[in-house]
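Enquirer: File name my_file14.txt; file contents compact mmCIF, C-alpha atoms; full text below.
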# COMPACT_ATOMS: atom_id res chain seq x y z
CA MET T 1 -2.27 -33.73 -5.60
CA SER T 2 -2.51 -30.89 -8.10
CA GLU T 3 -5.16 -28.19 -7.71
CA VAL T 4 -6.86 -29.40 -10.89
CA ALA T 5 -7.07 -32.99 -9.60
CA ARG T 6 -8.26 -31.78 -6.19
CA THR T 7 -11.01 -29.66 -7.70
CA GLY T 8 -12.07 -32.50 -10.00
CA ARG T 9 -12.43 -34.92 -7.10
CA ILE T 10 -14.40 -32.44 -5.00
CA ARG T 11 -16.71 -31.75 -7.94
CA ARG T 12 -17.37 -35.49 -8.50
CA VAL T 13 -18.24 -36.02 -4.85
CA LEU T 14 -20.58 -33.02 -4.81
CA LEU T 15 -22.35 -34.13 -7.99
CA THR T 16 -22.91 -37.58 -6.51
CA ALA T 17 -24.25 -36.01 -3.31
CA LEU T 18 -26.57 -33.80 -5.35
CA GLY T 19 -28.05 -36.80 -7.18
CA CYS T 20 -28.55 -38.82 -3.99
CA ASN T 21 -30.13 -35.93 -2.10
CA ALA T 22 -32.51 -35.09 -4.94
CA LEU T 23 -33.75 -38.69 -4.96
CA LEU T 24 -34.12 -38.78 -1.18
CA ALA T 25 -35.91 -35.42 -1.04
CA GLY T 26 -38.49 -36.61 -3.57
CA LEU T 27 -39.15 -39.84 -1.66
CA LYS T 28 -39.46 -38.08 1.70
CA PHE T 29 -41.81 -35.37 0.43
CA ALA T 30 -44.05 -38.03 -1.11
CA ILE T 31 -44.13 -40.07 2.11
CA GLY T 32 -44.64 -37.05 4.36
CA TRP T 33 -47.51 -35.55 2.40
CA LYS T 34 -49.24 -38.88 1.80
CA PHE T 35 -49.27 -39.84 5.47
CA GLY T 36 -49.49 -36.34 6.97
CA SER T 37 -46.21 -36.40 8.91
CA LEU T 38 -44.54 -33.06 9.65
CA GLY T 39 -41.46 -34.93 10.86
CA VAL T 40 -41.03 -36.62 7.48
CA VAL T 41 -41.75 -33.38 5.56
CA SER T 42 -39.17 -31.63 7.76
CA ASP T 43 -36.67 -34.35 6.91
CA ALA T 44 -37.51 -33.87 3.21
CA MET T 45 -36.85 -30.14 3.52
CA HIS T 46 -33.48 -31.01 5.01
CA SER T 47 -32.65 -33.21 2.00
CA LEU T 48 -33.89 -30.50 -0.37
CA LEU T 49 -31.60 -28.03 1.35
CA ASP T 50 -28.78 -30.53 0.84
CA CYS T 51 -29.45 -30.25 -2.90
CA ALA T 52 -29.28 -26.46 -2.79
CA ALA T 53 -26.10 -26.64 -0.71
CA SER T 54 -24.49 -28.99 -3.25
CA VAL T 55 -25.33 -26.63 -6.12
CA ILE T 56 -23.87 -23.66 -4.24
CA ALA T 57 -20.83 -25.75 -3.31
CA LEU T 58 -20.24 -26.64 -6.95
CA ILE T 59 -20.32 -22.95 -7.87
CA GLY T 60 -18.03 -22.08 -4.97
CA ILE T 61 -15.42 -24.75 -5.69
CA THR T 62 -15.32 -23.69 -9.35
CA ALA T 63 -14.58 -20.11 -8.28
CA ALA T 64 -12.03 -21.23 -5.67
CA ALA T 65 -10.09 -23.25 -8.25
CA ARG T 66 -9.26 -20.21 -10.37
CA PRO T 67 -5.52 -19.39 -10.40
CA PRO T 68 -4.08 -16.22 -8.81
CA ASP T 69 -4.40 -13.02 -10.81
CA ALA T 70 -3.53 -9.33 -10.46
CA ASN T 71 -6.50 -8.64 -8.19
CA HIS T 72 -6.17 -11.89 -6.20
CA PRO T 73 -2.41 -12.56 -5.89
CA TYR T 74 -3.02 -15.15 -3.15
CA GLY T 75 -5.57 -17.05 -5.24
CA HIS T 76 -9.31 -17.53 -4.85
CA ARG T 77 -9.41 -20.34 -2.27
CA LYS T 78 -11.43 -18.37 0.26
CA TYR T 79 -14.42 -18.67 -2.06
CA GLU T 80 -14.60 -22.22 -0.69
CA ILE T 81 -14.95 -20.80 2.84
CA LEU T 82 -17.53 -18.27 1.66
CA THR T 83 -19.54 -21.16 0.27
CA THR T 84 -19.45 -23.05 3.58
CA ILE T 85 -20.84 -19.98 5.35
CA ILE T 86 -23.66 -19.75 2.79
CA VAL T 87 -24.45 -23.44 3.38
CA ALA T 88 -24.66 -22.74 7.12
CA GLY T 89 -27.02 -19.84 6.43
CA LEU T 90 -29.31 -22.01 4.32
CA LEU T 91 -29.35 -24.63 7.02
CA PHE T 92 -30.33 -22.00 9.59
CA LEU T 93 -33.28 -20.87 7.45
CA SER T 94 -34.44 -24.46 7.11
CA ALA T 95 -34.22 -25.03 10.87
CA TRP T 96 -36.19 -21.84 11.52
CA GLU T 97 -38.99 -22.89 9.17
CA ILE T 98 -39.21 -26.38 10.66
CA LEU T 99 -39.30 -24.98 14.20
CA GLY T 100 -42.12 -22.57 13.31
CA ALA T 101 -44.19 -25.32 11.67
CA ALA T 102 -43.67 -27.68 14.61
CA LEU T 103 -44.70 -25.10 17.20
CA SER T 104 -47.78 -24.20 15.14
CA ARG T 105 -48.77 -27.86 14.93
CA LEU T 106 -48.36 -28.29 18.68
CA ILE T 107 -50.42 -25.19 19.46
CA HIS T 108 -53.24 -26.09 17.07
CA GLN T 109 -53.18 -29.81 18.00
CA ALA T 110 -52.93 -31.19 14.47
CA PRO T 111 -53.89 -34.88 14.00
CA ALA T 112 -51.27 -37.61 14.23
CA PRO T 113 -49.78 -38.91 10.96
CA HIS T 114 -50.91 -42.22 9.46
CA PHE T 115 -48.71 -45.21 10.19
CA SER T 116 -47.00 -46.75 7.13
CA ALA T 117 -44.61 -49.70 7.06
CA TRP T 118 -43.70 -48.85 3.45
CA GLY T 119 -42.87 -45.30 4.44
CA ILE T 120 -40.64 -46.51 7.25
CA ALA T 121 -38.88 -48.92 4.88
CA LEU T 122 -38.15 -46.15 2.35
CA LEU T 123 -36.84 -43.82 5.05
CA SER T 124 -34.61 -46.65 6.31
CA LEU T 125 -33.18 -46.98 2.81
CA GLY T 126 -32.43 -43.25 2.92
CA ILE T 127 -30.49 -43.73 6.15
CA VAL T 128 -28.30 -46.37 4.50
CA ILE T 129 -27.63 -44.09 1.51
CA ASN T 130 -26.81 -41.10 3.72
CA THR T 131 -24.47 -43.15 5.91
CA LEU T 132 -22.47 -44.32 2.89
CA LEU T 133 -22.50 -40.84 1.33
CA SER T 134 -21.43 -39.06 4.53
CA ASN T 135 -18.52 -41.45 5.14
CA TRP T 136 -17.37 -41.07 1.53
CA GLU T 137 -17.55 -37.27 1.68
CA LYS T 138 -15.66 -37.15 4.98
CA ARG T 139 -12.92 -39.47 3.71
CA ALA T 140 -12.52 -37.45 0.51
CA GLY T 141 -12.58 -34.18 2.47
CA LEU T 142 -9.75 -35.35 4.73
CA GLU T 143 -7.70 -36.66 1.80
CA VAL T 144 -7.88 -33.38 -0.16
CA SER T 145 -8.10 -31.05 2.90
CA SER T 146 -11.41 -29.56 1.78
CA PRO T 147 -13.41 -27.70 4.46
CA LEU T 148 -16.29 -27.60 1.99
CA LEU T 149 -16.49 -31.40 1.68
CA LEU T 150 -16.10 -31.83 5.43
CA ALA T 151 -18.93 -29.34 5.97
CA ASP T 152 -21.12 -31.16 3.47
CA ALA T 153 -20.30 -34.48 5.17
CA ALA T 154 -21.37 -33.01 8.53
CA HIS T 155 -24.53 -31.73 6.88
CA THR T 156 -25.25 -35.15 5.39
CA ARG T 157 -24.70 -36.85 8.76
CA THR T 158 -27.54 -34.83 10.25
CA ASP T 159 -29.83 -36.43 7.66
CA ILE T 160 -29.19 -39.79 9.31
CA TYR T 161 -30.39 -38.57 12.71
CA SER T 162 -33.27 -36.55 11.31
CA SER T 163 -34.42 -39.58 9.30
CA LEU T 164 -34.42 -41.68 12.46
CA LEU T 165 -36.63 -39.07 14.10
CA ALA T 166 -38.83 -38.98 10.99
CA ILE T 167 -39.31 -42.76 11.24
CA ALA T 168 -40.29 -42.35 14.88
CA ALA T 169 -42.70 -39.57 13.89
CA LEU T 170 -44.31 -41.77 11.23
CA ALA T 171 -44.56 -44.65 13.67
CA SER T 172 -46.28 -42.37 16.18
CA GLY T 173 -49.42 -42.62 14.02
CA ALA T 174 -49.85 -46.19 15.22
CA PHE T 175 -50.21 -44.92 18.81
CA GLY T 176 -52.50 -41.97 18.08
CA LEU T 177 -50.19 -39.39 19.69
CA PRO T 178 -50.65 -36.11 17.75
CA TRP T 179 -48.09 -34.21 19.84
CA LEU T 180 -45.26 -36.67 19.18
CA ASP T 181 -44.77 -35.80 15.48
CA PRO T 182 -44.15 -32.03 15.96
CA LEU T 183 -42.10 -32.75 19.08
CA LEU T 184 -39.80 -34.99 17.06
CA ALA T 185 -39.63 -32.29 14.38
CA ILE T 186 -38.25 -29.97 17.06
CA GLY T 187 -35.68 -32.69 17.79
CA ILE T 188 -34.61 -32.50 14.14
CA VAL T 189 -34.08 -28.75 14.59
CA LEU T 190 -31.62 -29.49 17.40
CA PHE T 191 -29.62 -31.75 15.08
CA LEU T 192 -29.68 -29.00 12.46
CA ALA T 193 -28.39 -26.50 15.03
CA ARG T 194 -25.41 -28.72 15.72
CA ALA T 195 -24.69 -29.03 11.99
CA ILE T 196 -24.88 -25.25 11.60
CA TYR T 197 -22.25 -24.82 14.30
CA GLU T 198 -19.92 -27.44 12.82
CA ILE T 199 -20.19 -25.93 9.35
CA ALA T 200 -19.87 -22.30 10.40
CA ILE T 201 -17.02 -22.61 12.90
CA GLU T 202 -14.38 -23.37 10.24
CA GLY T 203 -15.47 -20.39 8.16
CA VAL T 204 -15.40 -18.11 11.20
CA LYS T 205 -11.84 -19.23 12.02
CA VAL T 206 -10.67 -18.31 8.52
CA VAL T 207 -12.41 -14.95 8.09
CA SER T 208 -11.37 -13.87 11.60
CA ASP T 209 -7.73 -14.89 10.91
CA ALA T 210 -7.65 -17.22 13.92
CA THR T 211 -4.31 -18.87 14.69
CA ARG T 212 -3.99 -22.04 12.63
CA LEU T 213 -0.78 -23.61 14.02
CA ASP T 214 0.80 -23.66 17.48
CA PRO T 215 3.65 -21.07 17.50
CA ALA T 216 5.73 -23.38 19.71
CA LEU T 217 5.64 -26.10 17.05
CA ILE T 218 6.65 -23.64 14.33
CA ARG T 219 9.51 -22.34 16.50
CA SER T 220 10.71 -25.88 17.18
CA VAL T 221 10.97 -26.62 13.45
CA ALA T 222 12.68 -23.33 12.60
CA GLU T 223 15.26 -23.51 15.40
CA LYS T 224 16.39 -26.98 14.29
CA ILE T 225 17.79 -25.45 11.10
CA GLU T 226 21.55 -24.85 11.27
CA GLY T 227 22.31 -21.13 11.50
CA VAL T 228 19.04 -20.15 13.19
CA ARG T 229 19.72 -18.79 16.68
CA GLY T 230 16.08 -18.18 17.51
CA ALA T 231 12.61 -17.64 16.11
CA HIS T 232 9.90 -15.28 17.34
CA ALA T 233 6.97 -13.04 16.27
CA ILE T 234 5.36 -16.21 14.91
CA ARG T 235 1.91 -16.00 13.34
CA SER T 236 -0.22 -18.30 11.22
CA HIS T 237 -3.67 -18.09 9.67
CA GLY T 238 -5.71 -19.32 6.71
CA MET T 239 -7.52 -22.45 5.60
CA GLN T 240 -6.51 -26.01 6.39
CA ASN T 241 -5.09 -26.42 2.89
CA ASP T 242 -3.86 -22.81 2.50
CA ILE T 243 -1.95 -21.87 5.66
CA HIS T 244 0.17 -18.70 5.77
CA ILE T 245 3.05 -18.41 8.26
CA ASP T 246 4.94 -15.25 9.26
CA LEU T 247 7.99 -15.34 11.53
CA HIS T 248 11.27 -13.64 12.37
CA ILE T 249 14.50 -15.64 12.64
CA GLN T 250 17.72 -14.54 14.31
CA VAL T 251 21.04 -15.25 12.61
CA ALA T 252 24.70 -14.41 13.25
CA ASP T 253 25.82 -10.88 12.27
CA GLN T 254 28.81 -12.06 10.24
CA LEU T 255 26.82 -14.15 7.74
CA THR T 256 26.73 -13.03 4.12
CA ALA T 257 23.50 -12.23 2.30
CA ARG T 258 23.78 -15.50 0.36
CA GLN T 259 24.25 -17.53 3.54
CA VAL T 260 21.20 -15.91 5.13
CA PHE T 261 19.23 -16.54 1.94
CA GLU T 262 20.12 -20.24 2.07
CA ILE T 263 19.10 -20.47 5.74
CA GLU T 264 15.76 -18.85 4.95
CA ASN T 265 15.17 -21.34 2.14
CA ARG T 266 15.86 -24.26 4.48
CA VAL T 267 13.49 -22.87 7.11
CA ASN T 268 10.83 -22.29 4.46
CA GLN T 269 11.09 -25.86 3.16
CA ALA T 270 11.21 -27.38 6.65
CA LEU T 271 7.97 -25.64 7.61
CA ARG T 272 6.24 -26.79 4.43
CA ASP T 273 7.43 -30.36 5.01
CA SER T 274 6.39 -30.36 8.68
CA PHE T 275 2.93 -28.84 8.28
CA PRO T 276 0.80 -30.07 5.36
CA GLY T 277 -1.29 -27.27 3.95
CA VAL T 278 1.32 -24.51 4.29
CA THR T 279 1.39 -22.51 1.04
CA HIS T 280 3.08 -19.24 2.08
CA VAL T 281 5.98 -18.56 4.46
CA ALA T 282 7.09 -14.96 5.07
CA LEU T 283 10.48 -14.73 6.80
CA ARG T 284 12.37 -11.76 8.22
CA HIS T 285 15.94 -12.21 9.43
CA GLU T 286 17.47 -10.20 12.28
CA PRO T 287 20.79 -9.99 14.13
CA GLY T 288 21.01 -12.51 16.91
CA ASP T 289 21.32 -9.92 19.70
CA LEU T 290 17.99 -8.11 19.14
CA PRO T 291 15.25 -8.49 21.79
CA LEU T 292 12.54 -11.01 20.97
CA GLU T 293 9.02 -9.96 20.01
CA PRO T 294 6.09 -11.95 21.43
CA ASP T 295 4.23 -14.40 19.22
CA ALA T 296 0.74 -13.30 18.18
Could you write out this structure as structure tokens?

Expert:
Amino acid sequence: MSEVARTGRIRRVLLTALGCNALLAGLKFAIGWKFGSLGVVSDAMHSLLDCAASVIALIGITAAARPPDANHPYGHRKYEILTTIIVAGLLFLSAWEILGAALSRLIHQAPAPHFSAWGIALLSLGIVINTLLSNWEKRAGLEVSSPLLLADAAHTRTDIYSSLLAIAALASGAFGLPWLDPLLAIGIVLFLARAIYEIAIEGVKVVSDATRLDPALIRSVAEKIEGVRGAHAIRSHGMQNDIHIDLHIQVADQLTARQVFEIENRVNQALRDSFPGVTHVALRHEPGDLPLEPDA
């Protein structure tokens, strides 16, 4: 898939998610305020944050799709990772606000929300929409190797659980338990915390240049190429769809420059064929009798 087609598909998915989340946020805010449920209002804030995250994601993917230039010879793809980190930050702020409101409501013993069958029905509809949306985003994210779509899918999945808690909070009004609503809101915060971790961990791996591929697997592919006596000093880093590999290969001393060049080309192509997402391979050839350097 070309970069233009990939960006177009990601943009379509994000626009659809934005529309769905805007609708759900409006419904949840209306239900929460009408029936006095902090759990439902907290869930609405989560959906509203989804809208903000989708807008930021659209900006980020547009920037990431720009071609390489003199100042960015490796392209702009890390803007996609930067966007995922921003989404995680927004989610953290939302969780903090919900936690503060829930604790305040527990301390001041706010009244229980009013029970509403209609409210529960509308929230249930939201769960169905979020389930379909999350599965679609995840499938598209895997197909185009987009950490941004996978992060947004994880974010959307938390809406399903938080909506279930919001339904329980709204239903608590039927039992006259004022402490149950804020307690369930705290439960939503726990789901948000898990989403923050899932979203942030991929970004942290990229910006910290964590190893992306097992050096042993890279060595196995390289050493299968005729003319390669050994491979070492193997490193890899980058995004799932933009992996960079560095390695040294050992070749026979008597080979000509052209023969070594052809071996390097075969190693380069074999690595790209074996590991989807590899975009750069930096090779250094050495005489076969030099001591091996450890892999990083």

Enquirer: Report, in Å to a single decimal, how far apart atom CA of Val4 of chain T and atom CA of Ala195 of chain T are.

Expert: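 Interatomic distance here is 29.0 Å.
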
Enquirer: Would you compute the distance between atom CA of Ala153 of chain T and atom CA of Glu137 of chain T? Give it in Å to one decimal.

Expert: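 Going from atom CA of Ala153 of chain T over to atom CA of Glu137 of chain T covers 5.2 Å.
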
Enquirer: Between atom CA of Thr84 of chain T and atom CA of Ile10 of chain T, what is the distance, to one decimal in Å?

Expert: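 According to the coordinates, atom CA of Thr84 of chain T and atom CA of Ile10 of chain T are separated by 13.7 Å.
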
Enquirer: Here is a test: counting only C-alpha atoms, which residue of T:Glu262, T:Asp214, T:Glu80, T:Asp246 is nearest to Ala151 of chain T?

Expert: T:Glu80

Enquirer: Please identify all polymer residues within 9 Å of Leu15 of chain T, counting all atoms listed in the file, omitting same-chain residues fewer than 4 positions from it, and present them as number ranges by chain.

Expert: T: 10-11, 19-20, 54-55, 58

Enquirer: Compare T:Ser94, T:Ser104, T:Thr156, T:Ser42 by their minimum atom-to-atom distance to Trp179 of chain T, counting all atoms listed in the file, and give me the closest one.

Expert: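 Of all the options, T:Ser104 lies closest to Trp179 of chain T.
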
Enquirer: Would you mind listing what lies within 10 Å of Gly141 of chain T as a PDB file with C-alpha atoms, in the frame of the given file, with only C-alpha atoms counted and same-chain residues fewer than 3 positions away left out?

Expert:
ATOM      1  CA  ARG T   6      -8.260 -31.780  -6.190  1.00  0.00           C
ATOM      2  CA  ARG T   9     -12.430 -34.920  -7.100  1.00  0.00           C
ATOM      3  CA  ILE T  10     -14.400 -32.440  -5.000  1.00  0.00           C
ATOM      4  CA  VAL T  13     -18.240 -36.020  -4.850  1.00  0.00           C
ATOM      5  CA  ASN T 135     -18.520 -41.450   5.140  1.00  0.00           C
ATOM      6  CA  TRP T 136     -17.370 -41.070   1.530  1.00  0.00           C
ATOM      7  CA  GLU T 137     -17.550 -37.270   1.680  1.00  0.00           C
ATOM      8  CA  LYS T 138     -15.660 -37.150   4.980  1.00  0.00           C
ATOM      9  CA  VAL T 144      -7.880 -33.380  -0.160  1.00  0.00           C
ATOM     10  CA  SER T 145      -8.100 -31.050   2.900  1.00  0.00           C
ATOM     11  CA  SER T 146     -11.410 -29.560   1.780  1.00  0.00           C
ATOM     12  CA  PRO T 147     -13.410 -27.700   4.460  1.00  0.00           C
ATOM     13  CA  LEU T 148     -16.290 -27.600   1.990  1.00  0.00           C
ATOM     14  CA  LEU T 149     -16.490 -31.400   1.680  1.00  0.00           C
ATOM     15  CA  LEU T 150     -16.100 -31.830   5.430  1.00  0.00           C
ATOM     16  CA  ALA T 151     -18.930 -29.340   5.970  1.00  0.00           C
ATOM     17  CA  ASP T 152     -21.120 -31.160   3.470  1.00  0.00           C
ATOM     18  CA  ALA T 153     -20.300 -34.480   5.170  1.00  0.00           C
TER      19      ALA T 153
END
